[in-house]
Every structure is written in structure tokens, then in C-alpha cells.
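This report concerns only the one structure given below.
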Amino acid sequence: MKKGICLIFLTCITMHHSNGQAIEIASPDGSLKVNVLTNKNIEINVSKGHQTIIEGLRPAMQLVDGRVMGQNIKLRTATTNKVDQLLDVAVPSRASAIRDRYNEANIKFRGKYSFQVRVFDEGWAYRFATDMPDEILIHRESMNLNTEHLDTVYFPKESSMISHYERSYLHIQPNNLKEGSFASLPVLFKTNSNVSVLFTEADLYDYPGSFLTKSSAKTMELIQPKVVLSAIPNPDSPDRNEKIQEQATYVARTNGSRTFPWRVFIIVDHDGELISQNLVYQLSRENQLEDTGWIKPGKVAWDWWNALNIDGVDFKSGINTVTYKYYIDFAAAFKLDYIILDEGWAASTTDIIHTNPDIDIKELVSYGAGKNVGVILWTLWKPLDKAMEEVMDTYQNWGIKGIKVDFMQRTDQYMVNYYERVVREAARHHLLVDFHGAFKPAGLRRSYPNLVNYEGVKGLEHSKWSKDITPTHDLEIPFIRMAAGPMDFTPGAMDNAHESNFSIRFSRPMAMGTRCHQMAMYVVYEAPLQMLADSPSNYYREKECTGFISNIPTSWDETRVLDGRVGQYVAVARRQGDTWYIGAMNGKGSRKLHLDLGFLPEGTYDANIFQDGINAETIARDYKHAQQTLHPSSPLEIKMASGGGWVAIVTKR
């Protein structure tokens with residue numbers, strides 16, 4: 001829904017340039033300028049202040065019949081708009097209302113297509129739109145990104161387009177990347193003056209998701225997977241992994257009259273603005289659901305990471321009804337909203353409408369309902385695809401509250417459409433959706449707010465089999481992956497260790513960084529459906545910490561980034577109602593921050609604080625629980641150990 005005043009000014013323009021006609025669109029604050037040349041080809045130059053950011057960008061879209069949009073162009077008309085409106089957010093992960101302010105150009109060409117550019121204070125975006133009869137076949141979409149003005153890149157390198165999109169970031173100079181290497185989105189660049197340029201996409205529907213590849217010495221290119229014509233089960237794990245047998249020669253077969261995904265460049269002076277901006281949401285289709293009152297974000301007790309390891313009970317723990325009642329009791333004790341039954345609850349991974357004989361789903365749903373705890377079920381994507389309506393009818397009849405859909409691992413046109421079919425059908429059955437084995441958010445959650453989370457991030461689960469989830473990695477993902485939207489990192493480890501003491505343990509996992517580093521994730525990391533990944537038994541032993549994180553919301557009215565640098569540290573303040581929550585996380589080396597509290601309304605505030613203990617540099621689980629009086633006029637000093645954290649709930653006295 002839109003509210004407030006929407007101001008739109010329409011102007012017809014035809015401007016001339018020595019190299020042909022040119023259209024310049026500036027951001028509302030005037031700091032960012034996008035110059036579109038329309039001579040022989042579309043060519044774009046972008047500057048911020050006096051600094052050139054992007055030079056000679058040439059977007060194009062080639063059809064199978066040989067027509068190429070963006071090349072050999074013949075301009076018909078160009079109009080500009082100024083828009084300033086307030087967007088309501090049905091399920092707010094960053095803010096309950098977003099100011100949507102931009103300047104826009106709509107450039108029409110002969111050949112029944114147009115090119116649209118929007119420029120915001122935080123970045124800019126472009127897309128193609130067509131007005132052609134019948135269906136069209138898109139052979140490829142191209143975009144040559146000149147990296148001459150981009151000094152370094154955080155590159156989530158992929159080895160295949162069949163991927164879980166869970167990568168560490170290569171921090172490298174673009175010219176040192178091997179030609180042909182490619183990355184999933186988002187990708188973050190830095191200029192030599194430390195301006196951040198993050199590239200991603202928005203409003204992705206009926207079209208494949210994109211990757212970015214190193215195509216030549218100083219150029220990166222947009223690429224997409226082709227339409228999949230046939231796929232067979234991979235013999236190594238046939239229930240969940242596939243081998244593509246045959247692909248088409250084109251990337252999409254689609255309606256000839258439509259808009260295509262936005263190519264989004266977030267350009268900011270300060271890293272923290274990557275976290276607070278909302279461009280992917282702003283650029284995507286409006287809410288498609290009439291009723292969203294039933295959608296309830298919240299916290300989840302999750303079974304898989306902790307391998308159902310519980311103790312101090314008089315029954316054998318495992319995938320059975322009595323164990324999940326224990327999880328429900330734990331969730332109820334700490335006022336968590338849901339439990340998840342991950343892999344193993346069903347008769348088999350491919351039979352997802354019958355249960356494991358040790359599980360009584362109806363009894364668990366009834367037991368949970370009596371304690372205000374809902375049940376969410378894990379499922380593989382393919383058996384859900386084969387019988388979607390039957391499966392969701394069954395789950396709705398059982399009283400299930402949501403589904404966690406896993407192992408898609410593709411971003412071709414069919415899979416992008418599958419995501420939309422799932423959330424649309426799930427909404428009809430009043431089911432929440434959490435996508436795992438999934439690509440990054442690209443706008444679908446605005447259209448269908450019952451889509452409450454995405455994975456597409458190298459999350460805490462990797463600590464079960466690797467040493468990749470370091471504090472540095474933890475401080476990269478909020479600035480890069482989370483810039484596109486919520487991420488299901490699954491925090492909450494109660495067994496904490498520094499890198500020198502960390503051990504890989506699959507069934508009894510631990511996490512790098514301090515206890516407060518983990519606790520601060522509940523403020524820093526966006527996840528309307530947020531996990532408590534550790535064992536309920538461990539949480540019972542750590543009631544002081546568990547009680548605190550259980551009181552942190554998962555949906556926010558306002559977000560302010562107080563300080564931060566990608567890969568190094570971050571401090572975020574979020575508000576729900578009149579209560580503020582501040583979370584800070586640190587990478588390598590101890591750190592002291594002085595945070596400006598001027599965002600707080602006048603008054604005196606009480607802060608309930610968890611901070612690194614005096615011995616946290618050596619014993620990562622060491623913490624101190626403290627109380628402090630805060631005033632908006634006085635900076636807040638916080639100290640964090642290496643790999644440390646700090647988190648507080650702030651209420652007005």
C-alpha cells in the first residue's frame with residue numbers, strides 16, 4: 001500500500017550532445033548523476049559528486065529472431081518523472097514505512113520497446129520494457145560493466161549455475177580475477193575513494209536470475225542460465241540434486257508485453273547505508289495479497305543444526321513425537337512462535353504427505369496450539385512441485401503454519417516461476433514460506449509478504465563441516481547479501497570459541513566468535529522468521545542469554561546504522577514501537593566504538609546490556625550482563641573483543 005502524498009511531475013525532453021542525444025537524470029539530492037547517451041547504442045555514464053563511477057555501460061537484449069534492443073537504436077520520445085511517496089510494508093524487516101523518492105526517465109525507441117532509468121539518492125537502476133505482440137524468445141541480455149573506476153570487489157565466486165548460492169567472498173582487485181570466473185549476486189565493489197557500489201537485481205519474475213562474469217581485462221558481463229528442457233536425478237543424491245540434460249538456446253520464453261528485471265546499482269559513501277537502504281524492495285512489484293493480517297513473523301526453535309541433541313530427559317531423543325514436544329515446551333517457555341520439523345519428519349524425502357511412523361503431526365500441532373507454538377515443515381522442492389495443491393491442502397488441514405522449501409539450486413526461468421507459484425499457493429493456504437537452497441531476494445517478498453525469509457547465504461550451518469564461518473565473514477554478509485533482503489543465517493550458538501580453539505563437530509557444532517557476537521546477530525541480521533539454532537538443552541543451561549534474545553523482535557519499524565565497515569565491524573539500531581534495540585559485531589582485533597545516540601527522542605533511557613566479558617579475548621563464551629542509563633546527548637562507548645559483540649534493549653524511563 002502507498003500512503004502520504006505521491007508527487008509525480010512529467011516532462012518531455014529531447015537533449016543534444018556532441019555524440020548524439022543525451023538524457024541526464026540526477027538523484028533527488030543531486031549527488032548522483034546518470035547520463036544516458038542515445039546515439040547508435042544505449043550508453044550510460046554514472047558519476048557521484050566529481051567522481052566517475054561507471055563509464056561506457058552498454059545494456060542490450062537480444063531476441064532469438066535477431067532483433068537487439070539497445071543497439072542500432074532509433075529514439076522516439078523521452079520523458080522524465082519525479083516521484084516522492086511513502087510505501088507501507090506489510091511485513092517489515094527493515095522499516096514499516098519507506099520513503100520512495102526518485103527521478104526517472106522513460107525512453108521509447110522504434111521497435112516497440114523502451115528503456116527505463118530510476119535514480120535514487122542511494123543508487124540507480126535500469127530495465128527494458130517491451131510492447132510486442134504474442135510471445136518473445138530472449139536469446140540473451142548483456143551488460144558490459146567497465147571496472148576501470150572500481151578498485152576492489154567482494155566476489156562470491158561460483159563454480160556452476162547449479163548452486164546453493166552460499167559462498168565466501170573473494171576480496172580482490174577485478175583485474176586479478178581469472179577471465180570466465182563468475183559470481184552470484186549481490187556483488188560489492190569499492191572505488192579507490194572507498195565509495196561502495198553494490199550490483200544486484202529486483203522485480204525478478206518469469207525470467208532467469210543473473211550472474212556477473214569476468215569477460216575481459218577490465219570488463220564484467222551479465223549472464224543468465226538458459227531455459228532447462230530436461231533434467232535427471234543426480235545418482236549421488238537423486239532425491240534432491242539434478243543434472244541438466246538439455247537446455248534451450250535462449251534464456252526466456254515470455255510475454256511480448258512486459259517489463260524486465262531492474263539492474264540495480266546501490267552507490268553509497270558509507271558502508272552502513274548498504275544495510276539501511278531499501279532499493280530492491282522499492283523497485284519490485286506491489287503487494288499482491290489482499291489479506292496479510294494472518295502473516296506472523298517470529299522466532300523458531302530449529303532442530304537440524306543441533307542434530308536433536310538434548311539431554312537431561314528420560315526419553316531417547318530423535319525424530320519422534322516426544323522430542324518435538326520437548327522443543328514445543330522450550331519454545332513456549334521462552335515465548336518463541338514456532339518450531340521447525342526439518343528433514344526426517346516425513347515418510348521419505350519424496351513422500352511429504354505421510355509422516356515418519358514415529359511422528360504424530362496432528363498431535364504435535366494440537367499440543368503446540370495449546371501453548372501458542374506453531375509448526376513449520378521442511379520439504380524438498382521437487383515433490384512439492386509435483387503435487388503442490390495436494391501437499392498444501394494437506395498441510396493446511398493439519399494446521400501447519402509454514403513450509404521451509406529446500407534444494408532448488410537453480411535460477412533459470414522455470415525455477416524463478418516456481419518460487420512465485422509456491423508463495424502464491426502458500427498464501428492461498430495461509431502458509432509462511434522460507435526458501436533454502438535458494439538464490440538471493442529479488443523482490444518477490446514485496447509481492448507476497450508470506451515469503452518471510454531466504455537462505456542464499458553461507459550461514460552458520462557451514463560451521464558443522466568447515467572453518468569458513470569466521471567473524472570476518474559474519475561482518476561481510478550484512479553489507480553484501482543482506483543488502484538485497486532478509487537472510488536465514490540461523491544464529492544462536494551457545495558453544496562459542498575463537499578461531500584458535502574452534503573444532504569442526506557435525507552433530508554437536510560450535511561457532512566462532514564470542515557469545516555476544518552471536519547474540520548481537522538477532523539485532524544486526526534481518527530475518528522475519530529467525531532461528532534459534534542451538535539445542536533447547538543448551539538454551540536452558542544459558543537461560544539468561546536465551547531470555548534476552550527471545551525478547552528481541554524479528555520485524556522492525558525503523559533501522560539506523562550507527563557505524564560500520566564491511567568485514568570489520570558494525571553497529572545497528574532498530575526500533576519496534578517505542579523500544580530500541582542496538583546490536584554491534586566485531587571482526588578481527590579488539591575495538592572501541594563511540595556511538596551517537598541522537599536518534600533517540602529526548603528523555604532518559606534504561607539499557608539492558610550483554611557485552612563481552614573481561615576474559616572474552618581468551619574464553620569466547622565469557623560475557624557480562626549489565627544495566628546502564630543512556631541519554632540522547634551523550635555518546636555511548638562500547639568495547640568489543642576480537643570476534644566480539646555488544647547488544648542492548650533500550651527503553652525510555
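Residue numbering restarts at 1 for every chain of the C-alpha cells, chains are lettered A, B, ... in their displayed order, and ligands are numbered from 1 as they appear.
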
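With only C-alpha atoms taken into account, the protein and nucleic acid residues at most 6 Å from Pro471 of chain A (excluding it and anything under 3 positions from it in its own chain) are Asp474, Gly513, Gly587 and Gly643 of chain A.
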
Report as CSV: every residue of segment 50-142 of chain A with an atom at most 10 Å from segment 209-222 of chain A, its closest pair of atoms, and their distance in Å to one decimal, counting only C-alpha atoms, with rows sorted by chain and ascending residue number.
residue,atom,partner,partner_atom,distance
A:Leu57,CA,A:Thr219,CA,9.8
A:Pro59,CA,A:Leu222,CA,9.2
A:Arg140,CA,A:Leu222,CA,9.2
A:Glu141,CA,A:Leu222,CA,7.1
A:Ser142,CA,A:Leu222,CA,5.4

Selection export as a PDB file, in the first residue's frame, atoms kept: C-alpha atoms:
ATOM      1  CA  LEU A  57      27.932   0.831 -19.741  1.00  0.00           C
ATOM      2  CA  PRO A  59      22.963  -2.633 -21.892  1.00  0.00           C
ATOM      3  CA  ARG A 140      20.493 -13.219 -24.056  1.00  0.00           C
ATOM      4  CA  GLU A 141      20.722 -10.000 -22.107  1.00  0.00           C
ATOM      5  CA  SER A 142      24.046  -8.223 -21.998  1.00  0.00           C
TER       6      SER A 142
END

Considering only C-alpha atoms, can you say which of A:Ile172, A:Ala616, A:Leu229, A:Leu283 comes closest to Asp100 of chain A?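 That would be A:Leu283, the residue with the smallest distance to Asp100 of chain A.
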
Can you pull out the residues contacting Asp131 of chain A? Cut-off 10 Å, using only C-alpha atoms, and skip same-chain residues under 4 positions away; I want them as a PyMOL selection string. chain A and resi 111-114+255-259

File dump, residues just selected, C-alpha atoms, as an mmCIF file, in the first residue's frame:
data_model
loop_
_atom_site.group_PDB
_atom_site.id
_atom_site.type_symbol
_atom_site.label_atom_id
_atom_site.label_comp_id
_atom_site.auth_asym_id
_atom_site.auth_seq_id
_atom_site.Cartn_x
_atom_site.Cartn_y
_atom_site.Cartn_z
ATOM 1 C CA GLY A 111 10.828 -1.450 -32.423
ATOM 2 C CA LYS A 112 8.189 -1.465 -29.673
ATOM 3 C CA TYR A 113 10.468 -1.296 -26.668
ATOM 4 C CA SER A 114 11.572 1.239 -24.093
ATOM 5 C CA ASN A 255 5.045 -12.422 -22.888
ATOM 6 C CA GLY A 256 5.922 -9.822 -25.510
ATOM 7 C CA SER A 257 4.345 -7.036 -23.500
ATOM 8 C CA ARG A 258 6.089 -6.707 -20.144
ATOM 9 C CA THR A 259 8.813 -5.084 -18.064
#

Picked from segment 292-451 of chain A by DSSP as strand (DSSP E), as a ChimeraX atom specification: /A:298-301,338-341,374-380,402-406,432-435,451

Keeping only C-alpha atoms, write those residues as a PDB file, in the first residue's frame.
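File written: out.pdb
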ATOM      1  CA  GLY A 298       8.655 -14.594  14.729  1.00  0.00           C
ATOM      2  CA  LYS A 299      11.317 -16.832  16.220  1.00  0.00           C
ATOM      3  CA  VAL A 300      11.756 -20.533  15.632  1.00  0.00           C
ATOM      4  CA  ALA A 301      13.276 -23.391  17.599  1.00  0.00           C
ATOM      5  CA  TYR A 338       7.293 -21.743  16.028  1.00  0.00           C
ATOM      6  CA  ILE A 339       9.254 -24.954  15.836  1.00  0.00           C
ATOM      7  CA  ILE A 340      10.563 -26.451  12.594  1.00  0.00           C
ATOM      8  CA  LEU A 341      10.500 -30.138  11.805  1.00  0.00           C
ATOM      9  CA  GLY A 374       3.072 -23.164  15.533  1.00  0.00           C
ATOM     10  CA  VAL A 375       4.655 -25.934  13.464  1.00  0.00           C
ATOM     11  CA  ILE A 376       6.639 -25.402  10.233  1.00  0.00           C
ATOM     12  CA  LEU A 377       7.615 -28.309   7.963  1.00  0.00           C
ATOM     13  CA  TRP A 378      10.702 -28.801   5.791  1.00  0.00           C
ATOM     14  CA  THR A 379      10.274 -30.133   2.270  1.00  0.00           C
ATOM     15  CA  LEU A 380      12.301 -30.682  -0.861  1.00  0.00           C
ATOM     16  CA  GLY A 402       4.555 -22.633   7.182  1.00  0.00           C
ATOM     17  CA  ILE A 403       6.959 -24.500   4.940  1.00  0.00           C
ATOM     18  CA  LYS A 404      10.717 -24.466   4.519  1.00  0.00           C
ATOM     19  CA  VAL A 405      11.394 -25.344   0.864  1.00  0.00           C
ATOM     20  CA  ASP A 406      14.892 -26.606   0.096  1.00  0.00           C
ATOM     21  CA  LEU A 432       4.548 -18.884   5.548  1.00  0.00           C
ATOM     22  CA  VAL A 433       7.474 -19.679   3.224  1.00  0.00           C
ATOM     23  CA  ASP A 434      11.208 -19.875   3.961  1.00  0.00           C
ATOM     24  CA  PHE A 435      13.315 -20.697   0.873  1.00  0.00           C
ATOM     25  CA  LEU A 451       7.664 -15.106   1.948  1.00  0.00           C
TER      26      LEU A 451
END

Which residues are close to Gln576 of chain A, i.e. within 10 Å by only C-alpha atoms, leaving aside same-chain residues fewer than 6 positions away? Reply as a PyMOL selection string. chain A and resi 95-96+552-559

Just want the 7 Å neighbourhood of Gly644 of chain A, counted on only C-alpha atoms, with same-chain residues fewer than 3 positions away dropped. Output as number ranges by chain. A: 513-514, 516-517, 585-586, 612, 640-641

In terms of the shortest atom-to-atom distance over only C-alpha atoms, which of A:Glu286, A:Asp622, A:Glu166, A:Glu499 is closest to Ala438 of chain A? A:Glu166

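Remark: for Ala105 of chain A, the closest of the candidate residues A:Gln85, A:Thr77, A:Glu122, A:Tyr205 is A:Thr77 (distances computed over only C-alpha atoms).
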
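Closest to Ala442 of chain A among A:Phe120, A:Tyr326, A:Tyr419, A:Tyr154 is A:Tyr419, based on only C-alpha atoms.
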
I want to know what sits within 7 Å of Tyr126 of chain A, based on only C-alpha atoms, with residues of the same chain fewer than 2 positions away left out; could you give that as a PyMOL selection string? chain A and resi 116-118+262-264

Find the nearest atom pair between each residue of segment 75-179 of chain A and segment 475-492 of chain A for residues within 12 Å, count only C-alpha atoms, give distances in Å to one decimal, sort rows by chain and ascending number, and present the table as a tab-separated table.
residue	atom	partner	partner_atom	distance
A:Val91	CA	A:Pro486	CA	11.4
A:Pro92	CA	A:Pro486	CA	10.2
A:Ser93	CA	A:Pro486	CA	7.0
A:Arg94	CA	A:Gly485	CA	8.7
A:Ala95	CA	A:Gly485	CA	11.8
A:Glu122	CA	A:Ala483	CA	11.8
A:Val153	CA	A:Ile480	CA	11.0
A:Tyr154	CA	A:Ile480	CA	8.3
A:Phe155	CA	A:Ile480	CA	10.0
A:Pro156	CA	A:Arg481	CA	9.8
A:Tyr165	CA	A:Arg481	CA	10.3
A:Glu166	CA	A:Arg481	CA	10.0
A:Arg167	CA	A:Ile477	CA	10.1
A:Ser168	CA	A:Ile477	CA	9.1
A:Tyr169	CA	A:Glu476	CA	8.0
A:Leu170	CA	A:Glu476	CA	10.9
A:His171	CA	A:Glu476	CA	10.3

Keeping N, CA and C atoms, export the residues of the selection given above as a compact mmCIF listing (two decimals), in the first residue's frame.
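Saved as out10.txt:
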# COMPACT_ATOMS: atom_id res chain seq x y z
N VAL A 91 5.00 -6.75 5.97
CA VAL A 91 5.79 -7.48 6.97
C VAL A 91 7.18 -6.84 6.99
N PRO A 92 7.37 -5.83 7.83
CA PRO A 92 8.61 -5.04 7.75
C PRO A 92 9.81 -5.74 8.36
N SER A 93 10.84 -5.94 7.54
CA SER A 93 12.09 -6.50 8.06
C SER A 93 13.11 -5.41 8.33
N ARG A 94 12.91 -4.22 7.75
CA ARG A 94 13.86 -3.13 7.92
C ARG A 94 13.17 -1.85 8.37
N ALA A 95 11.96 -1.64 7.86
CA ALA A 95 11.19 -0.44 8.21
C ALA A 95 9.73 -0.69 7.87
N GLU A 122 20.37 6.79 -3.07
CA GLU A 122 21.21 5.65 -2.68
C GLU A 122 21.69 4.82 -3.86
N VAL A 153 36.77 -5.74 -5.37
CA VAL A 153 35.46 -6.38 -5.45
C VAL A 153 35.38 -7.48 -4.40
N TYR A 154 34.20 -7.62 -3.79
CA TYR A 154 33.86 -8.78 -2.95
C TYR A 154 33.08 -9.72 -3.85
N PHE A 155 33.73 -10.80 -4.26
CA PHE A 155 33.26 -11.62 -5.37
C PHE A 155 32.85 -13.01 -4.87
N PRO A 156 31.54 -13.30 -4.77
CA PRO A 156 31.08 -14.63 -4.33
C PRO A 156 31.17 -15.64 -5.49
N TYR A 165 24.13 -21.01 -3.73
CA TYR A 165 24.41 -19.57 -3.58
C TYR A 165 24.88 -19.26 -2.16
N GLU A 166 25.78 -20.12 -1.67
CA GLU A 166 26.36 -19.98 -0.33
C GLU A 166 27.88 -19.91 -0.50
N ARG A 167 28.38 -18.70 -0.66
CA ARG A 167 29.79 -18.54 -0.98
C ARG A 167 30.48 -17.59 -0.02
N SER A 168 31.78 -17.84 0.19
CA SER A 168 32.63 -16.84 0.81
C SER A 168 32.97 -15.80 -0.25
N TYR A 169 33.46 -14.64 0.21
CA TYR A 169 33.74 -13.55 -0.72
C TYR A 169 35.24 -13.45 -0.97
N LEU A 170 35.62 -13.55 -2.26
CA LEU A 170 36.98 -13.22 -2.64
C LEU A 170 37.11 -11.70 -2.62
N HIS A 171 38.00 -11.16 -1.78
CA HIS A 171 38.24 -9.71 -1.76
C HIS A 171 39.47 -9.48 -2.61

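In this comparison, which uses only C-alpha atoms, the residue of A:Val650, A:Ala60, A:Ala511, A:Ile266 approaching Ile223 of chain A most closely is A:Ala60.
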
With only C-alpha atoms as the counted atoms, please give the residues lying no more than 9 Å from Leu75 of chain A, apart from itself and same-chain residues fewer than 2 positions off, as a PyMOL selection string. chain A and resi 21+38-39+73+77-78+107-110

Measure the distance from atom CA of Ile353 of chain A to atom CA of Phe506 of chain A in Å and round it to one decimal. 28.9 Å

Could you pull out all residues of segment 393-579 of chain A with a DSSP call of alpha helix (DSSP H) and give them as a ChimeraX atom specification? /A:393-398,413-428,444-447,471-474,515-524,536-541,543-550

For the residues selected in the previous step, produce a file with C-alpha atoms as a PDB file, in the first residue's frame.
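The file below, selection_3.pdb, is the result:
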ATOM      1  CA  ASP A 393      -4.212 -28.745   1.228  1.00  0.00           C
ATOM      2  CA  THR A 394      -2.857 -31.488   3.482  1.00  0.00           C
ATOM      3  CA  TYR A 395      -0.665 -29.124   5.496  1.00  0.00           C
ATOM      4  CA  GLN A 396      -3.475 -26.622   5.916  1.00  0.00           C
ATOM      5  CA  ASN A 397      -5.781 -29.386   7.130  1.00  0.00           C
ATOM      6  CA  TRP A 398      -3.123 -30.484   9.626  1.00  0.00           C
ATOM      7  CA  GLN A 413      13.215 -19.180 -15.765  1.00  0.00           C
ATOM      8  CA  TYR A 414      11.294 -22.277 -14.635  1.00  0.00           C
ATOM      9  CA  MET A 415      12.754 -22.068 -11.132  1.00  0.00           C
ATOM     10  CA  VAL A 416      12.084 -18.346 -10.790  1.00  0.00           C
ATOM     11  CA  ASN A 417       8.467 -19.053 -11.735  1.00  0.00           C
ATOM     12  CA  TYR A 418       8.406 -21.955  -9.273  1.00  0.00           C
ATOM     13  CA  TYR A 419       9.247 -19.589  -6.412  1.00  0.00           C
ATOM     14  CA  GLU A 420       6.273 -17.427  -7.314  1.00  0.00           C
ATOM     15  CA  ARG A 421       3.909 -20.399  -7.653  1.00  0.00           C
ATOM     16  CA  VAL A 422       4.958 -21.618  -4.204  1.00  0.00           C
ATOM     17  CA  VAL A 423       4.396 -18.324  -2.408  1.00  0.00           C
ATOM     18  CA  ARG A 424       1.135 -17.631  -4.255  1.00  0.00           C
ATOM     19  CA  GLU A 425      -0.293 -21.073  -3.459  1.00  0.00           C
ATOM     20  CA  ALA A 426       1.078 -20.922   0.092  1.00  0.00           C
ATOM     21  CA  ALA A 427      -0.664 -17.593   0.635  1.00  0.00           C
ATOM     22  CA  ARG A 428      -3.932 -19.141  -0.502  1.00  0.00           C
ATOM     23  CA  LEU A 444       9.226 -11.409  -4.530  1.00  0.00           C
ATOM     24  CA  ARG A 445       8.776 -10.814  -0.808  1.00  0.00           C
ATOM     25  CA  ARG A 446       7.204  -7.410  -1.519  1.00  0.00           C
ATOM     26  CA  SER A 447       4.660  -9.018  -3.845  1.00  0.00           C
ATOM     27  CA  PRO A 471      33.855 -13.231  12.412  1.00  0.00           C
ATOM     28  CA  THR A 472      35.178 -11.541   9.266  1.00  0.00           C
ATOM     29  CA  HIS A 473      32.641 -13.449   7.144  1.00  0.00           C
ATOM     30  CA  ASP A 474      29.941 -12.545   9.674  1.00  0.00           C
ATOM     31  CA  ARG A 515      28.741 -15.291  22.945  1.00  0.00           C
ATOM     32  CA  CYS A 516      27.787 -11.632  22.497  1.00  0.00           C
ATOM     33  CA  HIS A 517      28.848 -11.800  18.831  1.00  0.00           C
ATOM     34  CA  GLN A 518      26.124 -14.445  18.356  1.00  0.00           C
ATOM     35  CA  MET A 519      23.573 -12.581  20.459  1.00  0.00           C
ATOM     36  CA  ALA A 520      24.079  -9.329  18.554  1.00  0.00           C
ATOM     37  CA  MET A 521      23.115 -11.115  15.315  1.00  0.00           C
ATOM     38  CA  TYR A 522      19.498 -11.025  16.491  1.00  0.00           C
ATOM     39  CA  VAL A 523      19.571  -7.246  16.010  1.00  0.00           C
ATOM     40  CA  VAL A 524      22.069  -6.917  13.160  1.00  0.00           C
ATOM     41  CA  PRO A 536      16.961 -26.402  23.728  1.00  0.00           C
ATOM     42  CA  SER A 537      19.023 -28.160  26.398  1.00  0.00           C
ATOM     43  CA  ASN A 538      21.879 -25.700  25.814  1.00  0.00           C
ATOM     44  CA  TYR A 539      19.470 -22.786  25.895  1.00  0.00           C
ATOM     45  CA  TYR A 540      18.007 -23.982  29.198  1.00  0.00           C
ATOM     46  CA  ARG A 541      21.551 -24.029  30.619  1.00  0.00           C
ATOM     47  CA  LYS A 543      18.663 -19.032  30.481  1.00  0.00           C
ATOM     48  CA  GLU A 544      19.996 -15.521  30.997  1.00  0.00           C
ATOM     49  CA  CYS A 545      21.140 -15.235  27.381  1.00  0.00           C
ATOM     50  CA  THR A 546      18.167 -17.141  25.977  1.00  0.00           C
ATOM     51  CA  GLY A 547      15.659 -14.974  27.806  1.00  0.00           C
ATOM     52  CA  PHE A 548      17.322 -11.888  26.374  1.00  0.00           C
ATOM     53  CA  ILE A 549      17.414 -12.953  22.704  1.00  0.00           C
ATOM     54  CA  SER A 550      13.869 -14.285  22.917  1.00  0.00           C
TER      55      SER A 550
END

Please compute the atom CA of Gln71 of chain A-atom CA of Val36 of chain A distance, one decimal, in Å.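 The value is 13.4 Å.
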